[in-house]
$ cat protein_32.cif   # mmCIF, C-alpha atoms
data_upload
loop_
_atom_site.label_atom_id
_atom_site.label_comp_id
_atom_site.auth_asym_id
_atom_site.auth_seq_id
_atom_site.Cartn_x
_atom_site.Cartn_y
_atom_site.Cartn_z
CA MET T 1 118.37 71.82 98.94
CA MET T 2 114.76 72.89 99.56
CA SER T 3 112.55 73.50 96.57
CA LYS T 4 111.23 76.96 95.89
CA MET T 5 107.78 75.95 97.06
CA ASP T 6 109.06 74.36 100.27
CA PHE T 7 111.25 77.36 100.97
CA SER T 8 108.43 79.90 100.97
CA SER T 9 105.60 77.87 102.48
CA LYS T 10 104.29 78.49 105.99
CA LYS T 11 105.38 75.01 107.06
CA ALA T 12 108.90 75.62 105.75
CA VAL T 13 109.12 78.91 107.64
CA GLN T 14 107.91 77.26 110.86
CA ARG T 15 110.33 74.36 110.38
CA GLN T 16 113.34 76.60 109.82
CA LEU T 17 112.55 78.83 112.78
CA ALA T 18 111.99 75.81 115.02
CA GLY T 19 115.29 74.35 113.83
CA GLU T 20 117.09 77.35 115.33
CA GLY T 21 114.81 77.57 118.37
CA LEU T 22 113.33 80.85 117.11
CA ARG T 23 109.93 82.50 117.12
CA PRO T 24 108.82 85.65 115.24
CA LYS T 25 109.63 88.72 117.34
CA LYS T 26 106.65 91.01 117.88
CA GLY T 27 108.98 93.76 119.08
CA LEU T 28 110.64 93.85 115.64
CA GLY T 29 107.36 93.57 113.76
CA GLN T 30 108.36 90.22 112.25
CA ASN T 31 105.72 88.81 109.91
CA PHE T 32 107.35 86.53 107.36
CA LEU T 33 105.97 86.69 103.82
CA THR T 34 104.98 83.26 102.49
CA ASP T 35 102.90 84.10 99.40
CA GLU T 36 104.96 83.50 96.27
CA SER T 37 102.73 85.70 94.09
CA VAL T 38 103.48 88.70 96.31
CA LEU T 39 107.21 87.99 96.16
CA LEU T 40 107.12 87.96 92.38
CA ASP T 41 105.00 91.12 92.22
CA ILE T 42 107.52 92.96 94.40
CA VAL T 43 110.42 91.88 92.19
CA SER T 44 108.45 92.87 89.07
CA ALA T 45 107.63 96.31 90.49
CA ALA T 46 111.32 96.91 91.24
CA GLU T 47 112.14 96.52 87.52
CA LEU T 48 115.50 94.85 88.10
CA ASP T 49 118.13 93.69 85.65
CA GLU T 50 121.68 92.33 85.83
CA ASP T 51 123.07 95.84 86.41
CA SER T 52 120.74 96.67 89.30
CA CYS T 53 122.16 97.49 92.73
CA VAL T 54 119.64 96.66 95.45
CA LEU T 55 119.39 97.54 99.12
CA GLU T 56 116.95 95.25 100.90
CA ILE T 57 115.77 96.28 104.35
CA GLY T 58 114.63 93.55 106.71
CA PRO T 59 115.34 90.37 104.72
CA GLY T 60 114.24 88.17 107.61
CA MET T 61 114.70 84.58 106.45
CA GLY T 62 115.73 85.62 102.94
CA VAL T 63 112.67 84.47 100.98
CA LEU T 64 112.46 87.74 99.04
CA THR T 65 116.26 88.13 99.01
CA ARG T 66 116.58 84.92 97.00
CA GLU T 67 114.21 86.24 94.34
CA LEU T 68 116.08 89.55 94.17
CA ALA T 69 119.44 87.78 93.85
CA LYS T 70 118.21 85.82 90.82
CA THR T 71 117.69 89.03 88.85
CA ALA T 72 119.76 91.86 90.33
CA GLY T 73 123.49 92.33 89.88
CA LYS T 74 124.16 92.85 93.59
CA VAL T 75 122.03 92.83 96.73
CA VAL T 76 122.94 94.23 100.14
CA ALA T 77 120.49 93.10 102.83
CA VAL T 78 120.39 94.99 106.15
CA GLU T 79 118.91 92.92 108.98
CA ILE T 80 118.60 94.14 112.58
CA ASP T 81 117.83 90.73 114.15
CA THR T 82 121.04 88.92 115.07
CA THR T 83 119.31 85.67 116.02
CA ILE T 84 117.87 85.06 112.54
CA LEU T 85 121.24 85.39 110.78
CA PRO T 86 121.97 81.61 110.80
CA VAL T 87 118.72 80.92 108.91
CA LEU T 88 119.36 83.82 106.54
CA SER T 89 122.90 82.65 105.88
CA LYS T 90 121.78 79.10 105.04
CA ASN T 91 119.03 80.28 102.72
CA LEU T 92 121.37 82.58 100.81
CA ALA T 93 124.37 80.25 100.67
CA GLU T 94 123.99 79.56 96.93
CA TYR T 95 124.07 83.25 95.97
CA ASP T 96 127.43 85.01 95.77
CA ASN T 97 125.94 88.38 94.82
CA VAL T 98 124.36 89.00 98.25
CA SER T 99 125.95 90.68 101.28
CA VAL T 100 124.23 90.70 104.67
CA ILE T 101 124.78 93.53 107.14
CA ASN T 102 123.58 93.08 110.73
CA GLN T 103 122.58 96.65 111.64
CA ASP T 104 119.65 98.94 112.36
CA ILE T 105 118.86 100.67 109.05
CA LEU T 106 118.13 103.93 110.87
CA LYS T 107 121.72 103.97 112.16
CA VAL T 108 123.36 103.02 108.86
CA ASN T 109 125.30 105.65 106.91
CA LEU T 110 123.66 105.04 103.55
CA ASP T 111 126.15 107.06 101.48
CA GLN T 112 129.03 105.09 102.96
CA LEU T 113 127.27 101.76 102.43
CA PHE T 114 126.37 102.60 98.83
CA THR T 115 129.89 103.70 97.94
CA GLU T 116 131.45 100.63 99.55
CA HIS T 117 129.17 98.09 97.87
CA PHE T 118 127.86 99.79 94.72
CA GLY T 119 130.46 102.39 93.78
CA ASP T 120 128.72 105.34 92.13
CA LYS T 121 125.77 103.40 90.67
CA PRO T 122 122.15 104.32 91.49
CA VAL T 123 120.43 102.15 94.09
CA LYS T 124 116.99 100.55 94.22
CA VAL T 125 115.48 99.83 97.63
CA ILE T 126 113.14 96.95 98.43
CA ALA T 127 111.73 96.49 101.91
CA ASN T 128 109.05 94.79 103.96
CA LEU T 129 108.87 97.41 106.70
CA PRO T 130 107.68 96.92 110.29
CA TYR T 131 104.52 98.96 110.74
CA TYR T 132 105.74 100.73 113.87
CA ILE T 133 108.76 102.34 112.20
CA THR T 134 107.63 102.89 108.60
CA THR T 135 107.69 106.70 108.49
CA PRO T 136 111.24 107.31 109.81
CA ILE T 137 112.70 104.74 107.40
CA VAL T 138 110.79 106.08 104.39
CA MET T 139 111.84 109.66 105.12
CA LYS T 140 115.49 108.64 105.53
CA LEU T 141 115.41 106.88 102.15
CA LEU T 142 113.72 109.77 100.36
CA GLU T 143 116.41 112.17 101.51
CA ASN T 144 119.18 110.15 99.84
CA SER T 145 120.03 111.27 96.31
CA ARG T 146 121.62 107.92 95.34
CA ILE T 147 118.29 106.08 95.50
CA SER T 148 116.31 105.92 92.26
CA SER T 149 113.26 103.93 93.39
CA ILE T 150 111.78 102.27 96.46
CA VAL T 151 109.39 99.30 96.53
CA ILE T 152 108.03 98.76 100.02
CA MET T 153 105.41 96.65 101.73
CA ILE T 154 103.72 98.58 104.51
CA GLN T 155 100.41 98.75 106.34
CA ARG T 156 97.62 99.39 103.82
CA GLU T 157 96.39 102.42 105.72
CA VAL T 158 99.83 104.05 105.48
CA ALA T 159 100.19 103.15 101.79
CA ARG T 160 96.92 104.92 101.08
CA ARG T 161 98.24 108.02 102.82
CA LEU T 162 101.38 108.03 100.70
CA SER T 163 99.44 107.98 97.43
CA ALA T 164 96.43 110.05 98.55
CA LYS T 165 95.01 113.04 96.68
CA ALA T 166 94.22 116.42 98.22
CA GLY T 167 90.70 116.49 99.67
CA SER T 168 90.62 112.82 100.69
CA LYS T 169 90.56 111.64 104.29
CA ASP T 170 93.92 109.90 103.81
CA PHE T 171 95.70 113.08 102.68
CA GLY T 172 98.10 114.45 105.29
CA ALA T 173 101.56 115.74 106.16
CA ILE T 174 103.26 112.44 105.25
CA THR T 175 101.50 112.53 101.85
CA LEU T 176 102.99 115.89 100.98
CA ALA T 177 106.42 115.03 102.38
CA VAL T 178 106.61 111.86 100.26
CA GLN T 179 105.04 113.25 97.08
CA TYR T 180 107.34 116.28 97.18
CA ARG T 181 110.28 113.90 96.70
CA ALA T 182 108.73 110.95 94.85
CA GLU T 183 105.90 109.74 92.68
CA ALA T 184 103.83 107.19 94.60
CA GLN T 185 102.52 104.23 92.59
CA PRO T 186 100.31 101.60 94.32
CA VAL T 187 101.23 98.03 93.28
CA ARG T 188 98.90 95.66 95.15
CA ASP T 189 97.18 94.89 98.44
CA VAL T 190 98.28 91.91 100.52
CA PRO T 191 95.96 89.99 102.89
CA PRO T 192 97.03 88.97 106.42
CA GLU T 193 97.13 85.28 105.47
CA ALA T 194 100.08 85.95 103.15
CA PHE T 195 102.27 86.14 106.26
CA MET T 196 103.39 83.90 109.09
CA PRO T 197 102.28 84.88 111.65
CA ALA T 198 99.34 86.74 110.13
CA PRO T 199 99.15 90.42 111.13
CA LYS T 200 95.81 91.89 112.21
CA VAL T 201 95.65 94.27 109.24
CA TRP T 202 96.07 94.23 105.46
CA SER T 203 99.34 95.34 103.89
CA SER T 204 100.08 97.04 100.57
CA VAL T 205 103.03 97.12 98.20
CA ILE T 206 103.79 100.61 96.89
CA ARG T 207 106.48 101.92 94.54
CA LEU T 208 108.11 105.30 95.06
CA VAL T 209 110.02 106.72 92.09
CA LEU T 210 112.27 109.53 93.27
CA ARG T 211 111.96 112.78 91.38
CA ASP T 212 114.87 114.59 89.74
CA LYS T 213 113.39 117.78 91.17
CA PRO T 214 110.29 118.60 93.27
CA PRO T 215 107.01 119.22 91.40
CA VAL T 216 106.73 122.69 92.93
CA GLU T 217 109.19 125.53 93.50
CA VAL T 218 109.59 126.76 97.06
CA ILE T 219 111.77 129.57 98.36
CA ASP T 220 112.53 127.83 101.64
CA GLU T 221 112.11 124.02 101.90
CA LYS T 222 112.37 124.04 105.69
CA HIS T 223 109.57 126.59 105.93
CA PHE T 224 107.46 124.65 103.43
CA PHE T 225 107.64 121.48 105.53
CA GLU T 226 107.01 123.39 108.77
CA LEU T 227 103.90 124.86 107.13
CA VAL T 228 102.73 121.36 106.19
CA LYS T 229 103.32 120.10 109.75
CA GLY T 230 101.49 123.09 111.17
CA ALA T 231 98.51 122.68 108.85
CA PHE T 232 97.98 119.08 109.97
CA SER T 233 98.87 119.59 113.65
CA CYS T 234 95.14 119.85 114.43
CA ARG T 235 93.18 118.19 111.63
CA ARG T 236 89.79 119.22 113.01
CA LYS T 237 90.72 122.89 112.93
CA THR T 238 90.78 125.18 109.92
CA PHE T 239 94.06 125.92 108.16
CA VAL T 240 94.06 129.41 109.71
CA ASN T 241 93.65 128.15 113.27
CA SER T 242 96.15 125.30 112.90
CA VAL T 243 98.88 127.33 111.19
CA GLY T 244 98.23 130.48 113.22
CA SER T 245 98.77 128.62 116.48
CA TYR T 246 101.81 126.61 115.30
CA ALA T 247 104.68 128.24 117.18
CA ALA T 248 107.47 127.07 114.83
CA LEU T 249 106.09 129.27 112.02
CA GLY T 250 105.72 132.43 114.08
CA THR T 251 102.81 133.70 111.97
CA SER T 252 99.63 135.05 113.58
CA LYS T 253 96.14 133.97 112.59
CA GLU T 254 95.46 137.46 111.24
CA GLU T 255 98.53 137.30 109.03
CA VAL T 256 97.55 133.84 107.78
CA LYS T 257 94.09 135.19 106.90
CA LYS T 258 95.66 138.05 104.94
CA ILE T 259 97.86 135.65 102.98
CA LEU T 260 94.94 133.36 102.13
CA ASP T 261 92.88 136.36 101.06
CA ALA T 262 95.72 137.58 98.81
CA LEU T 263 95.78 134.14 97.15
CA ASN T 264 91.96 133.96 96.86
CA ILE T 265 91.71 131.04 99.28
CA SER T 266 88.82 130.79 101.76
CA GLU T 267 89.83 131.32 105.39
CA THR T 268 87.53 128.43 106.40
CA VAL T 269 89.51 125.87 104.37
CA ARG T 270 91.12 122.89 106.11
CA GLY T 271 94.64 121.65 105.51
CA GLU T 272 93.64 118.42 103.76
CA ALA T 273 91.73 120.36 101.09
CA LEU T 274 94.83 122.14 99.77
CA ASP T 275 97.13 120.54 97.20
CA MET T 276 100.92 120.76 97.08
CA GLU T 277 100.97 123.66 94.64
CA THR T 278 98.80 125.71 97.00
CA TYR T 279 101.02 124.88 99.97
CA ALA T 280 104.02 126.06 97.95
CA LYS T 281 102.28 129.35 97.10
CA ILE T 282 101.31 129.97 100.73
CA SER T 283 104.79 129.11 102.00
CA ASN T 284 106.46 131.37 99.43
CA GLU T 285 104.13 134.25 100.30
CA MET T 286 104.87 133.85 104.01
CA VAL T 287 108.61 133.82 103.39
CA LYS T 288 108.43 136.93 101.18
CA ARG T 289 106.44 138.85 103.81
CA LYS T 290 109.01 138.07 106.50
CA LYS T 291 111.91 139.48 104.48
#
$ encode --input "protein_32.cif" --output "structure tokens"
Amino acid sequence: MMSKMDFSSKKAVQRQLAGEGLRPKKGLGQNFLTDESVLLDIVSAAELDEDSCVLEIGPGMGVLTRELAKTAGKVVAVEIDTTILPVLSKNLAEYDNVSVINQDILKVNLDQLFTEHFGDKPVKVIANLPYYITTPIVMKLLENSRISSIVIMIQREVARRLSAKAGSKDFGAITLAVQYRAEAQPVRDVPPEAFMPAPKVWSSVIRLVLRDKPPVEVIDEKHFFELVKGAFSCRRKTFVNSVGSYAALGTSKEEVKKILDALNISETVRGEALDMETYAKISNEMVKRKK
């Protein structure tokens, strides 16, 4: 049996992949984590115990999965890459509390999976997400009421957007969508050399704690999110011009100006300068005026 150090080193990763005739797949965004300190920080941020039910997305070779299995009660790992399953199976052979599912997480029925493997217990999600598909996966997770927290490693630029404050250059539609459903807590940054192969950019680990209820009250959630999309559809334009020309809302620029004036908001303001509470007020006012 390989030692812990051998298991997670770059040479060990290369040796295991070569043993199966494999190479990291760029198309799947495969960058295997080989820094033990990052692994331990992810597990620590997840706050696991023997009762924890964990969904891991993209286990790859199982380096992080092994650490999760040592602490959590049960781990279900969803891996899209069929070719890496032999390596994953070997590396997890000593753990009987891990189940591997070979599927695309975006096509998985999460409620069905959770019920089958975890009964009615809450679920914690841990994932090292491919950069190219981060947003769809995060949004799918946030919409599931069974999930209590999410610890993910993503591109540092995206992580900054998720935890950004109104008025900053990183603040955008994804910020509001995530923070409406969860509290974003940065954990740590991760340099390219912590992976094999090394990506061209830095990564970050971030923890999302799902809220029992949103921090603001909105009359119509669908309208609220359409307003957010509209406001950031043209970042260089003012809120009035962006929202007033966003067809899905069906509100003219003149009407938008009237609503901002009624709420004592400048008509020259840009979308990134408004916080969630203000978006909720604007959305609610729009909905009321359409009734």
$ closest_atom_pairs --input "protein_32.cif" --of "range 113-164 of chain T" --to "range 209-231 of chain T" --cutoff "9 Å" --atoms "only C-alpha atoms" --output "Markdown table"
| residue | atom | partner | partner_atom | distance |
| --- | --- | --- | --- | --- |
| T:Leu142 | CA | T:Leu210 | CA | 7.2 |
| T:Ser145 | CA | T:Leu210 | CA | 8.5 |
| T:Ile147 | CA | T:Leu210 | CA | 7.3 |
| T:Ser148 | CA | T:Leu210 | CA | 5.5 |
| T:Ser149 | CA | T:Val209 | CA | 4.5 |
| T:Ile150 | CA | T:Val209 | CA | 6.5 |
| T:Val151 | CA | T:Val209 | CA | 8.7 |
$ write_last_selection --input "protein_32.cif" --atoms "C-alpha atoms" --output "compact mmCIF listing (two decimals), in the frame of the given file"
# COMPACT_ATOMS: atom_id res chain seq x y z
CA LEU T 142 113.72 109.77 100.36
CA SER T 145 120.03 111.27 96.31
CA ILE T 147 118.29 106.08 95.50
CA SER T 148 116.31 105.92 92.26
CA SER T 149 113.26 103.93 93.39
CA ILE T 150 111.78 102.27 96.46
CA VAL T 151 109.39 99.30 96.53
$ closest_atom_pairs --input "protein_32.cif" --of "range 45-136 of chain T" --to "range 33-41 of chain T" --cutoff "8 Å" --atoms "all atoms listed in the file" --output "CSV"
residue,atom,partner,partner_atom,distance
T:Ala45,CA,T:Asp41,CA,6.1
T:Val63,CA,T:Leu33,CA,7.6
T:Leu64,CA,T:Leu39,CA,6.0
T:Glu67,CA,T:Leu39,CA,7.4
$ axis_aligned_box --input "protein_32.cif" --around "range 136-141 of chain T" --padding-each-side "8 Å" --output "JSON"
{"center_x": 113.1, "center_y": 107.2, "center_z": 106.0, "size_x": 20.7, "size_y": 20.9, "size_z": 23.7}
$ atom_distance --input "protein_32.cif" --atom1 "CA of Tyr246 in chain T" --atom2 "CA of Glu272 in chain T"
16.3 Å
$ resolve_selection --input "protein_32.cif" --expression "the PyMOL selection byres ((chain T and resi 74) around 8)" --output "list in words"
Asp51, Ser52, Cys53, Val54, Ala69, Ala72, Gly73, Val75, Val76, Asn97, Val98 and Phe118 of chain T
$ resolve_selection --input "protein_32.cif" --expression "the PyMOL selection byres ((chain T and resi 165-175) around 9)" --output "ChimeraX atom specification"
/T:135,157-158,160-164,176-180,225,228-233,235,271-276
$ resolve_selection --input "protein_32.cif" --expression "the PyMOL selection byres ((chain T and resi 286) around 9)" --output "tab-separated table (two decimals) with C-alpha atoms, in the coordinates of the input"
chain	number	residue	atom	x	y	z
T	223	HIS	CA	109.57	126.59	105.93
T	251	THR	CA	102.81	133.70	111.97
T	255	GLU	CA	98.53	137.30	109.03
T	256	VAL	CA	97.55	133.84	107.78
T	259	ILE	CA	97.86	135.65	102.98
T	281	LYS	CA	102.28	129.35	97.10
T	282	ILE	CA	101.31	129.97	100.73
T	283	SER	CA	104.79	129.11	102.00
T	284	ASN	CA	106.46	131.37	99.43
T	285	GLU	CA	104.13	134.25	100.30
T	287	VAL	CA	108.61	133.82	103.39
T	288	LYS	CA	108.43	136.93	101.18
T	289	ARG	CA	106.44	138.85	103.81
T	290	LYS	CA	109.01	138.07	106.50
$ residues_near_point --input "protein_32.cif" --point "(118.4, 97.5, 105.2)" --cutoff "9 Å" --atoms "only C-alpha atoms" --output "list in words"
Leu55, Glu56, Ile57, Gly58, Pro59, Val76, Ala77, Val78, Glu79, Ile80, Val100, Ile101, Asn102, Gln103, Asp104, Ile105, Leu106, Val108, Val125, Ile126 and Ala127 of chain T
$ atom_distance --input "protein_32.cif" --atom1 "CA of Ile154 in chain T" --atom2 "CA of Pro186 in chain T"
11.2 Å
$ atom_distance --input "protein_32.cif" --atom1 "CA of Ser89 in chain T" --atom2 "CA of Arg188 in chain T"
29.3 Å
$ closest_residue --input "protein_32.cif" --among "T:Ile133, T:Asp111, T:Leu260, T:Glu193" --to "Tyr279 in chain T" --atoms "all atoms listed in the file"
T:Leu260
$ closest_residue --input "protein_32.cif" --among "T:Leu249, T:Val205, T:Met139, T:Val187" --to "Arg156 in chain T" --atoms "all atoms listed in the file"
T:Val205
$ closest_residue --input "protein_32.cif" --among "T:Ile152, T:Leu68, T:Leu110, T:Leu208" --to "Asp189 in chain T" --atoms "only C-alpha atoms"
T:Ile152
$ residues_around --input "protein_32.cif" --residues "range 198-201 of chain T" --least-positions-apart "4" --cutoff "8 Å" --atoms "all atoms listed in the file" --output "list in words"
Asn31, Gln155, Arg156, Pro191, Pro192, Glu193 and Ala194 of chain T
$ write_last_selection --input "protein_32.cif" --atoms "C-alpha atoms" --output "mmCIF file, in the frame of the given file"
data_model
loop_
_atom_site.group_PDB
_atom_site.id
_atom_site.type_symbol
_atom_site.label_atom_id
_atom_site.label_comp_id
_atom_site.auth_asym_id
_atom_site.auth_seq_id
_atom_site.Cartn_x
_atom_site.Cartn_y
_atom_site.Cartn_z
ATOM 1 C CA ASN T 31 105.720 88.810 109.910
ATOM 2 C CA GLN T 155 100.410 98.750 106.340
ATOM 3 C CA ARG T 156 97.620 99.390 103.820
ATOM 4 C CA PRO T 191 95.960 89.990 102.890
ATOM 5 C CA PRO T 192 97.030 88.970 106.420
ATOM 6 C CA GLU T 193 97.130 85.280 105.470
ATOM 7 C CA ALA T 194 100.080 85.950 103.150
#
$ decode --input "protein_32.cif" --residues "range 121-223 of chain T" --atoms "C-alpha atoms" --output "JSON list (two decimals), in the first residue's frame"
[["chain", "number", "residue", "atom", "x", "y", "z"],
["T", 121, "LYS", "CA", -30.02, 13.44, 6.19],
["T", 122, "PRO", "CA", -28.58, 16.82, 5.11],
["T", 123, "VAL", "CA", -25.74, 16.69, 2.59],
["T", 124, "LYS", "CA", -22.40, 18.49, 2.40],
["T", 125, "VAL", "CA", -20.82, 18.97, -1.02],
["T", 126, "ILE", "CA", -17.09, 19.08, -1.71],
["T", 127, "ALA", "CA", -15.78, 19.63, -5.22],
["T", 128, "ASN", "CA", -12.76, 20.59, -7.28],
["T", 129, "LEU", "CA", -14.68, 22.04, -10.22],
["T", 130, "PRO", "CA", -13.46, 22.38, -13.81],
["T", 131, "TYR", "CA", -13.21, 26.08, -14.59],
["T", 132, "TYR", "CA", -15.26, 25.87, -17.78],
["T", 133, "ILE", "CA", -18.40, 24.55, -16.08],
["T", 134, "THR", "CA", -18.28, 26.10, -12.59],
["T", 135, "THR", "CA", -21.38, 28.31, -12.77],
["T", 136, "PRO", "CA", -23.94, 25.71, -13.94],
["T", 137, "ILE", "CA", -22.82, 23.24, -11.27],
["T", 138, "VAL", "CA", -22.85, 25.82, -8.48],
["T", 139, "MET", "CA", -26.33, 27.03, -9.42],
["T", 140, "LYS", "CA", -27.67, 23.47, -9.56],
["T", 141, "LEU", "CA", -26.31, 22.79, -6.07],
["T", 142, "LEU", "CA", -27.68, 26.01, -4.60],
["T", 143, "GLU", "CA", -31.17, 25.17, -5.78],
["T", 144, "ASN", "CA", -31.25, 21.90, -3.81],
["T", 145, "SER", "CA", -32.76, 22.19, -0.34],
["T", 146, "ARG", "CA", -31.04, 19.03, 0.96],
["T", 147, "ILE", "CA", -27.58, 20.60, 0.77],
["T", 148, "SER", "CA", -26.37, 22.39, 3.90],
["T", 149, "SER", "CA", -22.93, 23.55, 2.77],
["T", 150, "ILE", "CA", -20.62, 23.49, -0.23],
["T", 151, "VAL", "CA", -16.81, 23.65, -0.21],
["T", 152, "ILE", "CA", -15.46, 24.10, -3.71],
["T", 153, "MET", "CA", -12.15, 24.81, -5.40],
["T", 154, "ILE", "CA", -12.62, 27.06, -8.40],
["T", 155, "GLN", "CA", -10.73, 29.65, -10.41],
["T", 156, "ARG", "CA", -9.66, 32.48, -8.10],
["T", 157, "GLU", "CA", -11.31, 35.10, -10.30],
["T", 158, "VAL", "CA", -14.67, 33.32, -10.00],
["T", 159, "ALA", "CA", -14.28, 32.83, -6.24],
["T", 160, "ARG", "CA", -13.77, 36.56, -5.84],
["T", 161, "ARG", "CA", -16.99, 37.18, -7.74],
["T", 162, "LEU", "CA", -18.94, 34.85, -5.46],
["T", 163, "SER", "CA", -17.84, 36.67, -2.31],
["T", 164, "ALA", "CA", -17.67, 40.21, -3.75],
["T", 165, "LYS", "CA", -19.29, 43.28, -2.19],
["T", 166, "ALA", "CA", -21.49, 45.77, -4.03],
["T", 167, "GLY", "CA", -19.41, 48.50, -5.66],
["T", 168, "SER", "CA", -16.38, 46.31, -6.40],
["T", 169, "LYS", "CA", -15.30, 45.34, -9.90],
["T", 170, "ASP", "CA", -15.90, 41.66, -9.11],
["T", 171, "PHE", "CA", -19.56, 42.22, -8.13],
["T", 172, "GLY", "CA", -22.00, 40.86, -10.71],
["T", 173, "ALA", "CA", -25.07, 38.77, -11.48],
["T", 174, "ILE", "CA", -23.46, 35.54, -10.23],
["T", 175, "THR", "CA", -22.58, 37.31, -6.95],
["T", 176, "LEU", "CA", -26.20, 38.18, -6.27],
["T", 177, "ALA", "CA", -27.50, 34.79, -7.40],
["T", 178, "VAL", "CA", -25.13, 32.96, -5.04],
["T", 179, "GLN", "CA", -25.41, 35.32, -2.06],
["T", 180, "TYR", "CA", -29.21, 35.25, -2.27],
["T", 181, "ARG", "CA", -29.06, 31.54, -1.45],
["T", 182, "ALA", "CA", -25.83, 31.20, 0.53],
["T", 183, "GLU", "CA", -23.24, 32.95, 2.63],
["T", 184, "ALA", "CA", -19.90, 32.94, 0.81],
["T", 185, "GLN", "CA", -16.80, 32.42, 2.97],
["T", 186, "PRO", "CA", -13.32, 32.48, 1.33],
["T", 187, "VAL", "CA", -11.04, 29.73, 2.69],
["T", 188, "ARG", "CA", -7.69, 30.03, 0.89],
["T", 189, "ASP", "CA", -5.94, 30.66, -2.43],
["T", 190, "VAL", "CA", -4.14, 27.83, -4.20],
["T", 191, "PRO", "CA", -1.15, 28.35, -6.54],
["T", 192, "PRO", "CA", -0.86, 26.58, -9.92],
["T", 193, "GLU", "CA", 2.02, 24.40, -8.68],
["T", 194, "ALA", "CA", -0.35, 22.64, -6.27],
["T", 195, "PHE", "CA", -1.71, 20.72, -9.26],
["T", 196, "MET", "CA", -0.50, 18.25, -11.84],
["T", 197, "PRO", "CA", -0.54, 19.49, -14.53],
["T", 198, "ALA", "CA", -0.33, 23.08, -13.31],
["T", 199, "PRO", "CA", -3.14, 25.31, -14.61],
["T", 200, "LYS", "CA", -2.31, 28.76, -15.97],
["T", 201, "VAL", "CA", -4.21, 30.57, -13.21],
["T", 202, "TRP", "CA", -4.55, 30.54, -9.42],
["T", 203, "SER", "CA", -7.43, 28.71, -7.77],
["T", 204, "SER", "CA", -9.34, 29.41, -4.56],
["T", 205, "VAL", "CA", -11.22, 27.31, -2.04],
["T", 206, "ILE", "CA", -14.52, 28.87, -0.97],
["T", 207, "ARG", "CA", -17.24, 27.70, 1.42],
["T", 208, "LEU", "CA", -20.92, 28.35, 0.73],
["T", 209, "VAL", "CA", -23.28, 27.92, 3.67],
["T", 210, "LEU", "CA", -26.84, 27.66, 2.40],
["T", 211, "ARG", "CA", -29.33, 30.00, 4.02],
["T", 212, "ASP", "CA", -32.56, 28.88, 5.67],
["T", 213, "LYS", "CA", -34.19, 31.83, 3.92],
["T", 214, "PRO", "CA", -32.95, 34.61, 1.59],
["T", 215, "PRO", "CA", -31.55, 37.77, 3.23],
["T", 216, "VAL", "CA", -34.13, 39.91, 1.42],
["T", 217, "GLU", "CA", -37.86, 39.56, 0.77],
["T", 218, "VAL", "CA", -38.97, 39.65, -2.85],
["T", 219, "ILE", "CA", -42.49, 39.45, -4.24],
["T", 220, "ASP", "CA", -41.44, 37.51, -7.33],
["T", 221, "GLU", "CA", -38.12, 35.58, -7.32],
["T", 222, "LYS", "CA", -38.18, 35.04, -11.08],
["T", 223, "HIS", "CA", -38.56, 38.78, -11.67]]
